[in-house]
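Below is one structure, written out as structure tokens; the observations come after it.
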Amino acid sequence: MKKTKKKKRAFVSLRMNILFFVVFILFSLLILRLGIVQIVYGDDYKREIDRKENVTVNTSVPRGKILDRNGKIVVGNKPLNAITYTRPKNIKQEDILKVAEDLAKLIKKDTKADFKAITERDKKDFWILKHPDEAAVKVSKAEIKKLKNDNSKIYQLTLDRITEKEFNSFTKQELEVLAIYREMIGGYPLSPQVIKNKNVTPKEFAVVSENLDKLPGVDTTTDWDRYNVYKDKEGNETLGSVIGKISSSKEGLPKELVDYYLARDYSRNDRVGKSYIEYQYENVLQGQKEKVKNVTDKTGKVLGSEVVRKGKRGDDLVLSVDIDFQKKVEKIIKEELGIAKQRGDSYLLDRAFVTAMNPRTGEILALGGKQYVTDPKTGKTELNDFALGNLITSYAPGSVVKGATILTGYQTGAIQPGQYLHDQPLNFASTKPMKSWTPYPMGSINDLTALKRSSNVYMFLLAMRLGGQQQYVPKGPLRIDKISAINAFRKNFAQFGLGVKTGVDLPGEQVGFSQAIPPENGNVLHFAIGQFDTYTPLQLAQYVSTIANGGYRIQPHIAKEIREPNDQSDELGPVIQEIEPKILNKVDMKTEWINRVKEGFWKVVNETQGTGYGYFKDLKVAGKTGTAEGLYDGPKRKNYSFENLPTTWNSTFVGYAPYDNPEIAISVVLPWSYIGNNRDPHTNLKIAKRVFQAYFDLKKERDKKGLNKSSSTKKVENIKSAKEKQSE
């Protein structure tokens with residue numbers, strides 16, 4: 001028995017020893033493993049714990065200024081105090097909401113515009129965030145199971161079940177928090193998002209600056225806003241429709257161009273040019289953005305920031321436009337259009353255009369346009385800027401194209417310089433008589449008299465010859481090849497810029513309307529006097545410039561120079577690029593032919609019986625008047641049936657001065673300026689006269705002061721008034 005107990009005790013002792021040995025081995029292995037982890041991999045794990053990430057972001061800089069040819073600021077940047085928020089990566093919505101609530105105690109964001117920007121979806125998302133328990137029971141467990149735990153579908157179902165009463169239950173204070181919160185989440189991680197940059201009071205700016213340590217991600221900085229120096233009391237900006245618009249920080253990149261801009265290192269909330277000059281010269285005006293490297297931990301919290309590359313505002317764009325001349329042109333249009341409306345020339349007259357350019361360089365000196373627009377809500381009629389209409393709208397030009405008609409006749413051999421034709425009513429079989437505008441026939445006249453007195457019949461006979469019919473037979477048929485005739489006209493007219501793009505450095509240019517060739521042969525005759533195809537005012541200015549300079553079609557351009565920015569003084573920065581004149585083509589016509597048409601244009605203005613005689617005394621102008629008859633095709637056309645459309649007349653003028661050394665060429669267009677048989681009040685000539693007078697008066701005034709130069713001045717002339725605008 002004792003022997004058995006002894007054996008049993010020895011066996012237990014052995015098992016205990018084995019157990020202790022195993023425990024010893026395990027602890028040894030554990031200690032060895034811990035040693036390896038700490039000694040061999042310790043630094044690696046420590047680095048993992050302290051891991052930081054470098055994320056580089058771009059911050060926007062102010063755009064370049066837009067100045068006129070004399071260095072006067074037209075569009076600049078107004079500095080604004082701003083409050084921004086930079087959202088870290090992986091931050092919870094609840095944490096952002098806490099910052100928004102704290103910030104709402106320090107700033108005001110409760111304007112009508114702020115609350116109007118809040119959408120129904122914003123309110124629903126905010127309701128869920130503020131009422132998580134109530135939101136959780138909007139979707140049952142069975143429905144969650146049926147939706148297979150698809151969070152996006154579950155969330156959408158929750159949104160759908162939030163009642164109007166619930167999402168409209170917020171107080172004004174809560175809506176103010178929401179207005180701030182939606183701005184905070186509207187940006188992209190680590191990219192500063194503007195919370196407020198309009199009407200930030202000094203007190204708000206100061207108190208937020210003092211509490212930045214309690215507002216993680218919030219910062220105070222300086223932002224900018226675009227402004228036009230030349231803005232009247234009614235809010236109309238000089239050249240406003242051509243300057244164009246830029247997007248706001250809320251809009252960011254236009255949806256249709258997001259990929260284009262992102263590929264060029266833009267951020268999604270960058271402000272870019274949306275239209276016309278601001279859009280066309282985006283690469284010049286945008287500038288070099290500041291590059292900031294944000295250091296974050298593994299949770300996305302920003303630990304620090306470092307400027308990698310300093311930003312530089314955009315380059316300055318110097319326009320070819322003379323802003324003082326532009327203002328005078330706009331004033332002239334406004335006054336003469338108002339007089340015509342008051343006089344009752346036409347209840348359909350609602351617009352007028354003037355394009356002025358240097359015929360030797362293509363520089364656009366002024367681009368004026370005004371249009372009466374009725375507000376559909378108030379019924380109030382306002383006169384708005386419509387300078388853009390010079391290149392995006394087109395009209396039948398009338399007799400101003402007769403210079404191109406005569407030159408087409410020379411080129412095709414339909415007539416010879418100096419050839420006489422008989423001006424008399426033309427009676428073709430089965431048609432109404434076709435005649436000139438004068439009450440009596442002009443008789444036998446040559447090409448120069450035909451231009452001076454604006455003979456329609458001379459152009460009709462020329463068109464007949466161009467179409468293959470050499471002789472007019474009273475009451476006989478009109479047998480011409482209308483297709484070859486109109487194609488010949490269009491080919492030659494295109495050499496002057498009529499019916500083709502002018503090449504102007506602005507987007508959206510129209511080429512006018514080229515009608516399909518109809519069955520009536522008589523439309524060929526109408527083409528010859530400018531009553532078939534339509535052209536833009538800018539095309540007409542390029543056309544007369546081509547005649548004025550001896551046959552060179554020059555590309556119109558509104559940009560003159562690109563200069564480096566200089567904010568240290570009132571000196572303009574160095575020239576980066578000067579826009580040189582670009583010849584698009586030389587017309588395929590003899591110089592003596594062009595000179596002969598120029599002589600005819602001189603007679604129009606300077607000899608008795610000329611259709612423009614008596615309006616341009618002492619101004620050394622040459623030009624051509626025009627009227628075009630047709631059915632009304634303006635914005636009120638919907639008020640009439642086709643059978644009842646009124647017959648209206650477009651009044652036009654093209655010209656240049658001085659006629660012996662042209663430095664300015666203009667086109668004037670007044671669509672639907674009078675109706676039916678009303679007397680033409682010659683508003684086109686009155687506008688043209690005043691435009692030429694304004695140009696030469698301004699030149700004379702500057703000559704006396706020694707200000708006229710061939711290139712832009714070195715100093716920003718109106719920097720004082722620009723600073724006053726900034727401080728408003």
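By order in the structure tokens, chains are A, B, ...; within a chain, residues start at 1; ligands start at 1, following the order shown.
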
Q.
Taking 4 positions as the minimum chain separation for residues in the same chain, which residues sit within 7 Å of stretch 170-179 of chain A when counting only C-alpha atoms? Answer as a VMD selection string.
A. chain A and resid 100 to 101 104 109 to 110 114 to 115 118 183

Could you dump the residues just selected with N, CA and C atoms as a PDB file, in the first residue's frame?
```
ATOM      1  N   ALA A 100     -19.220  73.614 -36.528  1.00  0.00           N
ATOM      2  CA  ALA A 100     -20.204  74.531 -37.123  1.00  0.00           C
ATOM      3  C   ALA A 100     -21.021  75.223 -36.037  1.00  0.00           C
ATOM      4  N   GLU A 101     -21.414  74.464 -35.008  1.00  0.00           N
ATOM      5  CA  GLU A 101     -22.197  75.045 -33.916  1.00  0.00           C
ATOM      6  C   GLU A 101     -21.386  76.082 -33.139  1.00  0.00           C
ATOM      7  N   ALA A 104     -21.017  79.194 -35.343  1.00  0.00           N
ATOM      8  CA  ALA A 104     -22.269  79.947 -35.470  1.00  0.00           C
ATOM      9  C   ALA A 104     -22.469  80.920 -34.309  1.00  0.00           C
ATOM     10  N   LYS A 109     -24.564  84.117 -40.293  1.00  0.00           N
ATOM     11  CA  LYS A 109     -24.759  83.566 -41.641  1.00  0.00           C
ATOM     12  C   LYS A 109     -26.250  83.280 -41.796  1.00  0.00           C
ATOM     13  N   ASP A 110     -27.004  84.359 -41.783  1.00  0.00           N
ATOM     14  CA  ASP A 110     -28.460  84.222 -41.751  1.00  0.00           C
ATOM     15  C   ASP A 110     -29.161  85.149 -42.736  1.00  0.00           C
ATOM     16  N   ASP A 114     -28.234  83.161 -47.806  1.00  0.00           N
ATOM     17  CA  ASP A 114     -27.717  81.992 -47.083  1.00  0.00           C
ATOM     18  C   ASP A 114     -28.796  80.931 -46.924  1.00  0.00           C
ATOM     19  N   PHE A 115     -29.984  81.359 -46.517  1.00  0.00           N
ATOM     20  CA  PHE A 115     -31.071  80.405 -46.284  1.00  0.00           C
ATOM     21  C   PHE A 115     -31.646  79.873 -47.602  1.00  0.00           C
ATOM     22  N   ILE A 118     -29.932  76.793 -48.980  1.00  0.00           N
ATOM     23  CA  ILE A 118     -30.170  75.509 -48.308  1.00  0.00           C
ATOM     24  C   ILE A 118     -31.263  74.742 -49.052  1.00  0.00           C
ATOM     25  N   GLU A 183     -21.537  74.463 -45.973  1.00  0.00           N
ATOM     26  CA  GLU A 183     -20.336  75.001 -46.609  1.00  0.00           C
ATOM     27  C   GLU A 183     -19.120  74.154 -46.233  1.00  0.00           C
TER      28      GLU A 183
END
```

Q: Excluding stretch 365-368 of chain A and any residue of its chain fewer than 6 positions from it, enumerate the residues within 8 Å of it, using only C-alpha atoms, and give them as an NGL selection string.
A: :A and (239 or 320-323 or 325-326 or 329-330 or 333 or 353-358 or 386-388 or 390 or 558)

Output for the residues just chosen: N, CA and C atoms as a PDB file, in the first residue's frame:
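What ended up in again03.pdb:
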```pdb
ATOM      1  N   LEU A 239     -19.069  97.619 -71.155  1.00  0.00           N
ATOM      2  CA  LEU A 239     -18.541  96.444 -71.862  1.00  0.00           C
ATOM      3  C   LEU A 239     -18.833  95.145 -71.089  1.00  0.00           C
ATOM      4  N   SER A 320      -7.524  96.140 -76.388  1.00  0.00           N
ATOM      5  CA  SER A 320      -7.357  97.133 -77.447  1.00  0.00           C
ATOM      6  C   SER A 320      -8.390  98.238 -77.324  1.00  0.00           C
ATOM      7  N   VAL A 321      -9.419  98.005 -76.518  1.00  0.00           N
ATOM      8  CA  VAL A 321     -10.507  98.966 -76.337  1.00  0.00           C
ATOM      9  C   VAL A 321     -10.014 100.202 -75.594  1.00  0.00           C
ATOM     10  N   ASP A 322     -10.452 101.358 -76.059  1.00  0.00           N
ATOM     11  CA  ASP A 322     -10.233 102.622 -75.353  1.00  0.00           C
ATOM     12  C   ASP A 322     -11.472 102.846 -74.496  1.00  0.00           C
ATOM     13  N   ILE A 323     -11.336 102.710 -73.181  1.00  0.00           N
ATOM     14  CA  ILE A 323     -12.508 102.718 -72.315  1.00  0.00           C
ATOM     15  C   ILE A 323     -13.230 104.063 -72.334  1.00  0.00           C
ATOM     16  N   PHE A 325     -13.433 106.085 -74.951  1.00  0.00           N
ATOM     17  CA  PHE A 325     -14.164 106.068 -76.213  1.00  0.00           C
ATOM     18  C   PHE A 325     -15.350 105.112 -76.119  1.00  0.00           C
ATOM     19  N   GLN A 326     -15.139 103.969 -75.484  1.00  0.00           N
ATOM     20  CA  GLN A 326     -16.206 102.983 -75.302  1.00  0.00           C
ATOM     21  C   GLN A 326     -17.376 103.600 -74.546  1.00  0.00           C
ATOM     22  N   VAL A 329     -19.270 105.928 -76.818  1.00  0.00           N
ATOM     23  CA  VAL A 329     -20.073 105.184 -77.801  1.00  0.00           C
ATOM     24  C   VAL A 329     -21.344 104.655 -77.145  1.00  0.00           C
ATOM     25  N   GLU A 330     -21.225 104.103 -75.965  1.00  0.00           N
ATOM     26  CA  GLU A 330     -22.406 103.583 -75.264  1.00  0.00           C
ATOM     27  C   GLU A 330     -23.395 104.710 -74.971  1.00  0.00           C
ATOM     28  N   ILE A 333     -25.236 105.656 -78.235  1.00  0.00           N
ATOM     29  CA  ILE A 333     -26.264 104.664 -78.576  1.00  0.00           C
ATOM     30  C   ILE A 333     -27.477 104.832 -77.668  1.00  0.00           C
ATOM     31  N   PHE A 353     -26.310  98.808 -82.482  1.00  0.00           N
ATOM     32  CA  PHE A 353     -24.941  98.320 -82.333  1.00  0.00           C
ATOM     33  C   PHE A 353     -23.949  99.227 -83.044  1.00  0.00           C
ATOM     34  N   VAL A 354     -22.761  99.330 -82.455  1.00  0.00           N
ATOM     35  CA  VAL A 354     -21.634 100.018 -83.094  1.00  0.00           C
ATOM     36  C   VAL A 354     -20.380  99.193 -82.848  1.00  0.00           C
ATOM     37  N   THR A 355     -19.692  98.840 -83.926  1.00  0.00           N
ATOM     38  CA  THR A 355     -18.367  98.240 -83.826  1.00  0.00           C
ATOM     39  C   THR A 355     -17.372  99.230 -84.402  1.00  0.00           C
ATOM     40  N   ALA A 356     -16.318  99.521 -83.656  1.00  0.00           N
ATOM     41  CA  ALA A 356     -15.258 100.412 -84.133  1.00  0.00           C
ATOM     42  C   ALA A 356     -13.927  99.689 -84.025  1.00  0.00           C
ATOM     43  N   MET A 357     -13.153  99.691 -85.106  1.00  0.00           N
ATOM     44  CA  MET A 357     -11.865  99.010 -85.090  1.00  0.00           C
ATOM     45  C   MET A 357     -10.843  99.754 -85.935  1.00  0.00           C
ATOM     46  N   ASN A 358      -9.596  99.482 -85.640  1.00  0.00           N
ATOM     47  CA  ASN A 358      -8.507 100.030 -86.439  1.00  0.00           C
ATOM     48  C   ASN A 358      -8.382  99.178 -87.692  1.00  0.00           C
ATOM     49  N   PHE A 386     -25.606  95.276 -74.428  1.00  0.00           N
ATOM     50  CA  PHE A 386     -25.687  94.160 -75.376  1.00  0.00           C
ATOM     51  C   PHE A 386     -24.564  94.278 -76.405  1.00  0.00           C
ATOM     52  N   ALA A 387     -23.390  94.658 -75.921  1.00  0.00           N
ATOM     53  CA  ALA A 387     -22.229  94.755 -76.805  1.00  0.00           C
ATOM     54  C   ALA A 387     -21.961  93.422 -77.492  1.00  0.00           C
ATOM     55  N   LEU A 388     -22.318  92.359 -76.794  1.00  0.00           N
ATOM     56  CA  LEU A 388     -22.116  91.014 -77.332  1.00  0.00           C
ATOM     57  C   LEU A 388     -22.865  90.797 -78.635  1.00  0.00           C
ATOM     58  N   ASN A 390     -22.873  92.427 -81.179  1.00  0.00           N
ATOM     59  CA  ASN A 390     -22.055  92.721 -82.352  1.00  0.00           C
ATOM     60  C   ASN A 390     -21.476  91.465 -82.997  1.00  0.00           C
ATOM     61  N   ILE A 558      -9.595  91.815 -79.506  1.00  0.00           N
ATOM     62  CA  ILE A 558      -9.920  92.699 -78.392  1.00  0.00           C
ATOM     63  C   ILE A 558      -8.799  92.735 -77.359  1.00  0.00           C
TER      64      ILE A 558
END
```

Q: Fewer than 4 positions away in the same chain doesn't count, so skip those; otherwise give me all residues within 6 Å of A:Ile277, counting only C-alpha atoms, as a VMD selection string.
A: chain A and resid 243 to 244 281

Keeping only C-alpha atoms, write the selected residues as a compact mmCIF listing (two decimals), in the first residue's frame.
```txt
# COMPACT_ATOMS: atom_id res chain seq x y z
CA ILE A 243 -16.04 91.00 -70.28
CA GLY A 244 -17.98 87.91 -69.22
CA TYR A 281 -8.13 84.37 -71.59
```

For the contact check between stretch 88-165 of chain A and stretch 216-230 of chain A, emit one row per residue of stretch 88-165 of chain A within 10 Å, containing the shortest atom pair and the distance in Å rounded to one decimal, counting only C-alpha atoms, chain then rising number order, as a tab-separated table.
```
residue	atom	partner	partner_atom	distance
A:Pro88	CA	A:Gly217	CA	7.4
A:Asp95	CA	A:Pro216	CA	9.6
A:Ile96	CA	A:Pro216	CA	9.1
A:Val99	CA	A:Pro216	CA	7.2
A:Ala100	CA	A:Val218	CA	9.6
A:Leu103	CA	A:Val218	CA	8.7
```

Could you take the residues named above and write them with C-alpha atoms, as a compact mmCIF listing (two decimals), in the first residue's frame?
```txt
# COMPACT_ATOMS: atom_id res chain seq x y z
CA PRO A 88 -9.43 66.73 -42.48
CA ASP A 95 -17.26 66.52 -35.27
CA ILE A 96 -17.84 68.87 -38.22
CA VAL A 99 -17.29 73.04 -35.16
CA ALA A 100 -20.20 74.53 -37.12
CA LEU A 103 -18.59 78.92 -35.25
```

Q. Hey, what does DSSP flag as strand (DSSP E or B) within stretch 173-290 of chain A? Can you give it to me as a list in words?
A.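 DSSP on the backbone gives strand (DSSP E or B) at Gln193, Val194, Ile195, Lys196, Val218, Asp219, Thr220, Thr221, Thr222, Asp223, Trp224, Asp225, Arg226, Tyr227, Asn228, Lys231, Glu237, Ile246, Gly273, Gln288 and Glu290 of chain A.
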
**Q.** Surrounding residues of stretch 149-159 of chain A excluding itself and chain neighbours under 6 positions, 7 Å, only C-alpha atoms, as a PyMOL selection string
**A.** chain A and resi 124+135+138-139

Residue subset to file, keeping C-alpha atoms, as a short mmCIF file (atom, residue, chain, number, x, y, z; two decimals), in the first residue's frame:
```
data_model
loop_
_atom_site.label_atom_id
_atom_site.label_comp_id
_atom_site.auth_asym_id
_atom_site.auth_seq_id
_atom_site.Cartn_x
_atom_site.Cartn_y
_atom_site.Cartn_z
CA LYS A 124 -33.10 66.12 -44.55
CA ALA A 135 -33.98 58.44 -38.05
CA LYS A 138 -37.63 55.12 -40.11
CA VAL A 139 -36.60 51.80 -41.65
#
```

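The gap separating atom CA of A:Leu97 from atom CA of A:Leu190 is 17.1 Å, in Å to one decimal.
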
**Q.** Best match for closeness to A:Asp385 among A:Lys130, A:Arg271, A:Arg343, A:Lys231, counting only C-alpha atoms
**A.** A:Lys231
